[in-house]
$ cat work_12.cif   # mmCIF, C-alpha atoms
data_model
loop_
_atom_site.label_atom_id
_atom_site.label_comp_id
_atom_site.auth_asym_id
_atom_site.auth_seq_id
_atom_site.Cartn_x
_atom_site.Cartn_y
_atom_site.Cartn_z
CA MET A 1192 48.95 51.49 74.14
CA ASP A 1193 51.29 52.39 71.33
CA PHE A 1194 54.42 50.95 69.73
CA GLN A 1195 57.77 52.66 70.22
CA PHE A 1196 61.07 52.40 68.37
CA THR A 1197 64.65 53.24 69.13
CA TYR A 1198 67.63 52.44 66.92
CA VAL A 1199 71.27 53.14 66.15
CA THR A 1200 73.07 52.51 62.87
CA ASP A 1201 76.84 52.99 62.61
CA LYS A 1202 79.28 52.49 59.74
CA GLY A 1203 81.82 51.06 62.17
CA THR A 1204 85.53 51.57 62.49
CA VAL A 1205 86.77 50.37 59.09
CA LYS A 1206 84.25 50.74 56.29
CA LYS A 1207 83.79 54.03 54.47
CA GLU A 1208 80.07 53.48 53.88
CA ASN A 1209 77.16 52.17 55.91
CA GLN A 1210 75.44 49.50 53.82
CA ASP A 1211 72.72 48.84 56.43
CA SER A 1212 69.23 50.26 55.89
CA LEU A 1213 66.22 50.14 58.18
CA LEU A 1214 62.51 50.87 58.29
CA ALA A 1215 60.52 51.68 61.43
CA VAL A 1216 56.89 52.71 60.85
CA LYS A 1217 53.69 52.45 62.84
CA ALA A 1218 50.00 53.10 62.40
CA ARG A 1219 46.83 53.42 64.44
CA THR A 1220 44.09 51.17 63.11
CA GLY A 1221 40.58 50.19 64.02
CA TYR A 1222 42.07 46.97 65.36
CA GLY A 1223 44.65 48.67 67.57
CA PRO A 1224 48.19 49.94 66.99
CA ALA A 1225 50.54 48.30 64.49
CA ALA A 1226 54.26 48.50 63.87
CA PHE A 1227 56.45 47.35 60.98
CA ALA A 1228 60.23 47.10 61.36
CA VAL A 1229 62.66 45.94 58.67
CA LEU A 1230 66.44 45.69 58.66
CA CYS A 1231 68.46 45.10 55.51
CA ASP A 1232 72.24 44.62 55.47
CA GLY A 1233 73.82 45.25 52.08
CA MET A 1234 76.47 42.70 51.30
CA GLY A 1235 79.73 44.09 52.66
CA GLY A 1236 81.91 42.30 50.14
CA LEU A 1237 79.77 43.21 47.17
CA ALA A 1238 79.69 46.46 45.24
CA ARG A 1239 76.80 48.87 45.92
CA GLY A 1240 75.44 46.95 48.86
CA GLU A 1241 73.95 50.17 50.20
CA LEU A 1242 71.87 50.47 47.01
CA ALA A 1243 70.48 46.95 47.42
CA SER A 1244 69.56 47.45 51.08
CA ALA A 1245 67.94 50.83 50.39
CA GLU A 1246 65.92 49.40 47.50
CA ALA A 1247 64.68 46.59 49.75
CA VAL A 1248 63.62 48.96 52.52
CA GLN A 1249 61.77 51.15 50.02
CA ALA A 1250 59.93 48.12 48.67
CA PHE A 1251 58.76 47.07 52.14
CA SER A 1252 57.80 50.65 52.95
CA ARG A 1253 55.57 50.72 49.85
CA TRP A 1254 54.02 47.41 50.90
CA PHE A 1255 53.09 48.80 54.30
CA ARG A 1256 51.51 51.92 52.79
CA GLU A 1257 49.68 50.15 49.98
CA ARG A 1258 48.93 46.60 51.16
CA PHE A 1259 49.00 46.33 54.95
CA PHE A 1260 45.53 47.76 55.57
CA LEU A 1261 44.02 45.47 52.94
CA CYS A 1262 45.52 42.47 54.70
CA LEU A 1263 44.35 43.83 58.05
CA ASP A 1264 40.76 44.21 56.90
CA GLU A 1265 40.85 40.60 55.67
CA GLY A 1266 41.86 39.35 59.12
CA LEU A 1267 45.66 39.53 58.90
CA ALA A 1268 45.98 35.85 58.06
CA PHE A 1269 49.49 34.43 58.27
CA GLU A 1270 49.18 32.58 54.94
CA ARG A 1271 48.11 35.81 53.21
CA LEU A 1272 51.07 37.70 54.64
CA LYS A 1273 53.42 34.93 53.54
CA GLU A 1274 52.06 35.13 49.99
CA GLU A 1275 52.40 38.92 49.91
CA TRP A 1276 55.95 38.94 51.30
CA GLU A 1277 57.11 36.01 49.19
CA LEU A 1278 55.94 37.78 46.03
CA LEU A 1279 57.56 41.04 47.14
CA ILE A 1280 60.89 39.33 47.88
CA THR A 1281 60.81 37.44 44.56
CA GLU A 1282 60.16 40.64 42.61
CA LEU A 1283 62.78 42.55 44.59
CA ASN A 1284 65.33 39.80 44.03
CA GLY A 1285 64.73 40.00 40.29
CA ARG A 1286 65.08 43.78 40.16
CA ILE A 1287 68.33 43.83 42.10
CA LEU A 1288 69.74 40.89 40.14
CA ASN A 1289 68.88 42.50 36.79
CA TYR A 1290 70.39 45.81 37.91
CA GLY A 1291 73.61 44.00 38.72
CA LYS A 1292 73.68 42.27 35.34
CA ARG A 1293 73.06 45.52 33.45
CA ASN A 1294 75.77 47.35 35.36
CA ARG A 1295 78.15 44.41 35.68
CA VAL A 1296 78.32 44.59 39.46
CA SER A 1297 77.48 42.16 42.24
CA LEU A 1298 75.12 43.38 44.93
CA GLY A 1299 72.71 41.89 47.42
CA THR A 1300 71.11 42.37 50.81
CA THR A 1301 69.69 40.53 53.76
CA ALA A 1302 66.07 41.25 54.66
CA THR A 1303 64.57 40.62 58.09
CA GLY A 1304 61.32 42.15 59.24
CA LEU A 1305 58.63 42.08 61.92
CA LEU A 1306 54.99 43.12 61.73
CA LEU A 1307 53.41 43.62 65.15
CA ALA A 1308 49.63 43.87 65.16
CA CYS A 1309 46.53 42.33 66.76
CA GLY A 1310 48.60 40.83 69.55
CA LYS A 1311 50.82 38.87 67.16
CA CYS A 1312 54.29 39.11 65.67
CA PHE A 1313 54.62 38.09 62.01
CA GLY A 1314 58.03 37.96 60.37
CA PHE A 1315 60.15 37.17 57.32
CA HIS A 1316 63.85 36.46 57.06
CA VAL A 1317 66.52 36.13 54.36
CA GLY A 1318 70.24 36.08 55.23
CA ASP A 1319 72.01 36.54 58.55
CA SER A 1320 70.51 39.65 60.08
CA ARG A 1321 68.66 38.57 63.21
CA ALA A 1322 65.45 39.05 65.17
CA TYR A 1323 65.24 38.44 68.92
CA GLU A 1324 62.31 38.40 71.33
CA MET A 1325 62.83 39.48 74.93
CA ALA A 1326 60.24 38.65 77.59
CA GLY A 1327 60.14 37.43 81.18
CA GLY A 1328 63.79 38.27 81.70
CA GLY A 1329 64.95 36.01 78.87
CA ILE A 1330 65.92 36.38 75.22
CA THR A 1331 65.11 34.12 72.25
CA GLN A 1332 66.59 34.29 68.77
CA ILE A 1333 63.56 33.87 66.49
CA THR A 1334 65.42 33.75 63.17
CA LYS A 1335 68.03 31.26 62.02
CA ASP A 1336 71.10 32.46 60.14
CA GLN A 1337 71.11 31.31 56.52
CA THR A 1338 74.86 30.79 56.53
CA VAL A 1339 77.36 28.04 55.75
CA VAL A 1340 78.41 27.74 59.40
CA GLN A 1341 74.81 27.50 60.67
CA ARG A 1342 74.20 24.72 58.16
CA ASP A 1343 77.27 22.94 59.52
CA VAL A 1344 75.97 23.40 63.06
CA ASP A 1345 72.62 21.90 62.04
CA ARG A 1346 74.47 18.92 60.53
CA GLY A 1347 76.48 18.41 63.70
CA LEU A 1348 79.77 19.32 62.02
CA MET A 1349 80.59 22.17 64.41
CA THR A 1350 79.33 23.76 67.60
CA GLN A 1351 77.73 27.20 67.90
CA GLU A 1352 80.89 28.36 69.68
CA GLU A 1353 83.04 27.18 66.78
CA ALA A 1354 80.67 28.78 64.29
CA ALA A 1355 80.91 32.14 66.07
CA LYS A 1356 84.69 32.14 65.61
CA SER A 1357 84.85 30.59 62.14
CA PRO A 1358 86.40 32.65 59.31
CA ARG A 1359 83.42 31.49 57.21
CA ARG A 1360 80.80 32.90 59.57
CA ASN A 1361 79.80 35.62 57.08
CA VAL A 1362 79.36 33.29 54.08
CA LEU A 1363 75.65 33.38 53.22
CA LEU A 1364 73.51 30.67 51.71
CA GLN A 1365 70.73 33.16 50.94
CA CYS A 1366 70.41 36.86 50.24
CA VAL A 1367 68.23 39.07 48.07
CA GLY A 1368 69.59 40.04 44.68
CA ALA A 1369 72.76 37.95 44.32
CA SER A 1370 71.30 34.79 42.75
CA PRO A 1371 68.24 33.81 40.70
CA PHE A 1372 66.33 32.64 43.78
CA ALA A 1373 65.93 34.00 47.31
CA LYS A 1374 64.11 31.65 49.66
CA ALA A 1375 62.66 33.45 52.65
CA GLU A 1376 61.63 31.96 55.97
CA PHE A 1377 58.41 33.12 57.65
CA PHE A 1378 57.15 32.90 61.21
CA GLN A 1379 54.39 34.02 63.53
CA ARG A 1380 54.12 34.11 67.31
CA LYS A 1381 51.97 35.65 69.98
CA ILE A 1382 53.42 38.81 71.52
CA PRO A 1383 54.08 37.98 75.19
CA GLU A 1384 53.27 40.40 77.97
CA GLY A 1385 56.01 43.01 78.07
CA GLY A 1386 57.60 41.57 74.94
CA ARG A 1387 60.31 43.55 73.19
CA TYR A 1388 61.85 42.84 69.81
CA LEU A 1389 65.34 43.47 68.53
CA LEU A 1390 66.35 43.52 64.86
CA CYS A 1391 70.08 43.70 64.24
CA SER A 1392 72.68 43.28 61.53
CA ASP A 1393 75.38 40.66 62.03
CA GLY A 1394 77.85 43.37 63.00
CA PHE A 1395 75.90 43.85 66.23
CA VAL A 1396 76.08 40.23 67.37
CA HIS A 1397 79.67 39.15 66.67
CA GLU A 1398 81.16 40.76 69.78
CA LEU A 1399 78.13 40.81 72.08
CA SER A 1400 76.47 38.03 74.04
CA GLN A 1401 72.73 37.45 74.21
CA GLU A 1402 72.98 38.01 77.97
CA GLU A 1403 74.37 41.50 77.36
CA MET A 1404 71.58 42.31 74.93
CA CYS A 1405 68.92 41.00 77.29
CA GLY A 1406 70.36 42.87 80.25
CA ALA A 1407 70.36 46.15 78.35
CA PHE A 1408 66.95 45.88 76.67
CA SER A 1409 64.58 43.49 78.43
CA ALA A 1410 63.55 45.54 81.47
CA GLY A 1411 62.99 49.16 82.39
CA PRO A 1412 62.83 52.14 80.03
CA VAL A 1413 64.65 51.68 76.73
CA ALA A 1414 66.65 54.65 75.49
CA GLU A 1415 68.84 55.24 72.46
CA THR A 1416 71.76 55.62 74.86
CA ALA A 1417 71.46 51.94 75.83
CA VAL A 1418 71.58 50.88 72.18
CA ARG A 1419 74.47 53.23 71.48
CA GLY A 1420 76.31 51.84 74.48
CA LEU A 1421 76.25 48.30 73.10
CA VAL A 1422 77.19 49.50 69.61
CA GLU A 1423 80.24 51.25 71.07
CA THR A 1424 81.11 48.14 73.09
CA ALA A 1425 81.06 46.04 69.91
CA LYS A 1426 83.38 48.52 68.21
CA GLU A 1427 85.76 48.57 71.18
CA ARG A 1428 85.95 44.77 71.05
CA GLY A 1429 87.09 44.85 67.44
CA GLU A 1430 83.94 44.63 65.30
CA ARG A 1431 84.82 45.83 61.80
CA ASP A 1432 81.45 45.61 60.05
CA ASN A 1433 78.57 48.09 59.89
CA ILE A 1434 76.45 47.84 63.04
CA THR A 1435 72.70 48.39 63.31
CA ALA A 1436 70.26 47.60 66.12
CA LEU A 1437 66.54 48.47 66.15
CA LEU A 1438 64.21 47.88 69.11
CA VAL A 1439 60.41 47.91 69.04
CA TRP A 1440 58.04 47.48 71.97
CA GLN A 1441 54.56 48.45 73.14
CA GLU A 1442 53.92 50.70 76.12
CA GLU A 1443 51.23 52.74 77.76
CA ARG A 1444 50.97 56.30 76.50
CA PRO A 1445 49.91 59.18 78.78
#
$ encode --input "work_12.cif" --output "structure tokens"
Amino acid sequence: MDFQFTYVTDKGTVKKENQDSLLAVKARTGYGPAAFAVLCDGMGGLARGELASAEAVQAFSRWFRERFFLCLDEGLAFERLKEEWELLITELNGRILNYGKRNRVSLGTTATGLLLACGKCFGFHVGDSRAYEMAGGGITQITKDQTVVQRDVDRGLMTQEEAAKSPRRNVLLQCVGASPFAKAEFFQRKIPEGGRYLLCSDGFVHELSQEEMCGAFSAGPVAETAVRGLVETAKERGERDNITALLVWQEERP
């Protein structure tokens, strides 16, 4: 068995730059294969968002090279991973924030990632990029948007349908680098048989339904053409933001 990736990232129909950044790395270990996928969406309304997202991806890439195997040898405990990622996000938030102050610019990024190893999926999440799990013909969103409209949904002030159409749907409560504190959410779950995971920026989800995503990615061989097809559909339906989608799954290798 081995993990596989496929992804598409597109600057979209309006923006001159693509402020999304991604990481897709894997390793063979004495405990079986492992994969680490991270998606960071630089803040579209803030200057140098692409710098913030790239800096975040580089920081998580360094963590995987320098720290992952230490955590693995210690049993890959969820609490240990939370401590490592929380410290990394805190330090990253400070670096990006200080860069912005020195250069008198505002910049920030979302950060959503999945570590697949030892039959489990561990994750972290800041912002409104999303992670989905597909298994058994269904799809589950395993992150919650840290946005004003999601907070209003949780308080019963609006429905999910109203939130999806709200002009405030892109207003974040949390991101990395734009304020003194970035509070991440963490999760773990068992990888189901045939499970596939999707990381995507918010530009991928505005014009697409979960049913469309599940239909394209949950069964049969996954190819870049399927991802590209949904990206192009989102653009045709009027999506104006950068669009990124990254899939990771495990399959038998010849």
$ residues_around --input "work_12.cif" --residues "segment 1206-1208 of chain A" --least-positions-apart "2" --cutoff "12 Å" --atoms "all atoms listed in the file" --output "MDAnalysis selection string"
chainID A and resid 1200:1204 1210:1212 1232:1236 1238:1242 1394 1430:1434
$ atom_distance --input "work_12.cif" --atom1 "atom CA of Cys1366 of chain A" --atom2 "atom CA of Thr1350 of chain A"
23.5 Å
$ atom_distance --input "work_12.cif" --atom1 "atom CA of Glu1398 of chain A" --atom2 "atom CA of Leu1421 of chain A"
9.6 Å
$ resolve_selection --input "work_12.cif" --expression "the PyMOL selection byres ((chain A and resi 1318) around 6)" --output "MDAnalysis selection string"
chainID A and resid 1301 1317 1319 1337 1365:1366
$ residues_around --input "work_12.cif" --residues "Leu1263 of chain A" --least-positions-apart "3" --cutoff "9 Å" --atoms "all atoms listed in the file" --output "ChimeraX atom specification"
/A:1220,1222,1258-1260,1266-1268,1308
$ resolve_selection --input "work_12.cif" --expression "the PyMOL selection byres ((chain A and resi 1245-1249) around 8)" --output "list of chain:residue names"
A:Asp1211, A:Ser1212, A:Leu1213, A:Leu1214, A:Val1229, A:Leu1230, A:Cys1231, A:Glu1241, A:Leu1242, A:Ala1243, A:Ser1244, A:Ala1250, A:Phe1251, A:Ser1252, A:Arg1253, A:Leu1283, A:Thr1300, A:Ala1302
$ resolve_selection --input "work_12.cif" --expression "the PyMOL selection byres ((chain A and resi 1313) around 12)" --output "MDAnalysis selection string"
chainID A and resid 1225:1229 1267:1273 1276 1303:1312 1314:1316 1322 1333:1334 1376:1382 1388
$ residues_near_point --input "work_12.cif" --point "(71.3, 32.6, 40.4)" --cutoff "12 Å" --atoms "all atoms listed in the file" --output "ChimeraX atom specification"
/A:1284-1285,1287-1289,1291-1292,1297,1299,1364-1374
$ closest_residue --input "work_12.cif" --among "A:Arg1387, A:Arg1346, A:Lys1335, A:Arg1360" --to "Met1404 of chain A" --atoms "all atoms listed in the file"
A:Arg1387
$ atom_distance --input "work_12.cif" --atom1 "atom CA of Arg1256 of chain A" --atom2 "atom CA of Val1418 of chain A"
27.9 Å
$ closest_residue --input "work_12.cif" --among "A:Glu1427, A:Asp1336, A:Glu1265, A:Glu1324" --to "Asp1393 of chain A" --atoms "all atoms listed in the file"
A:Asp1336
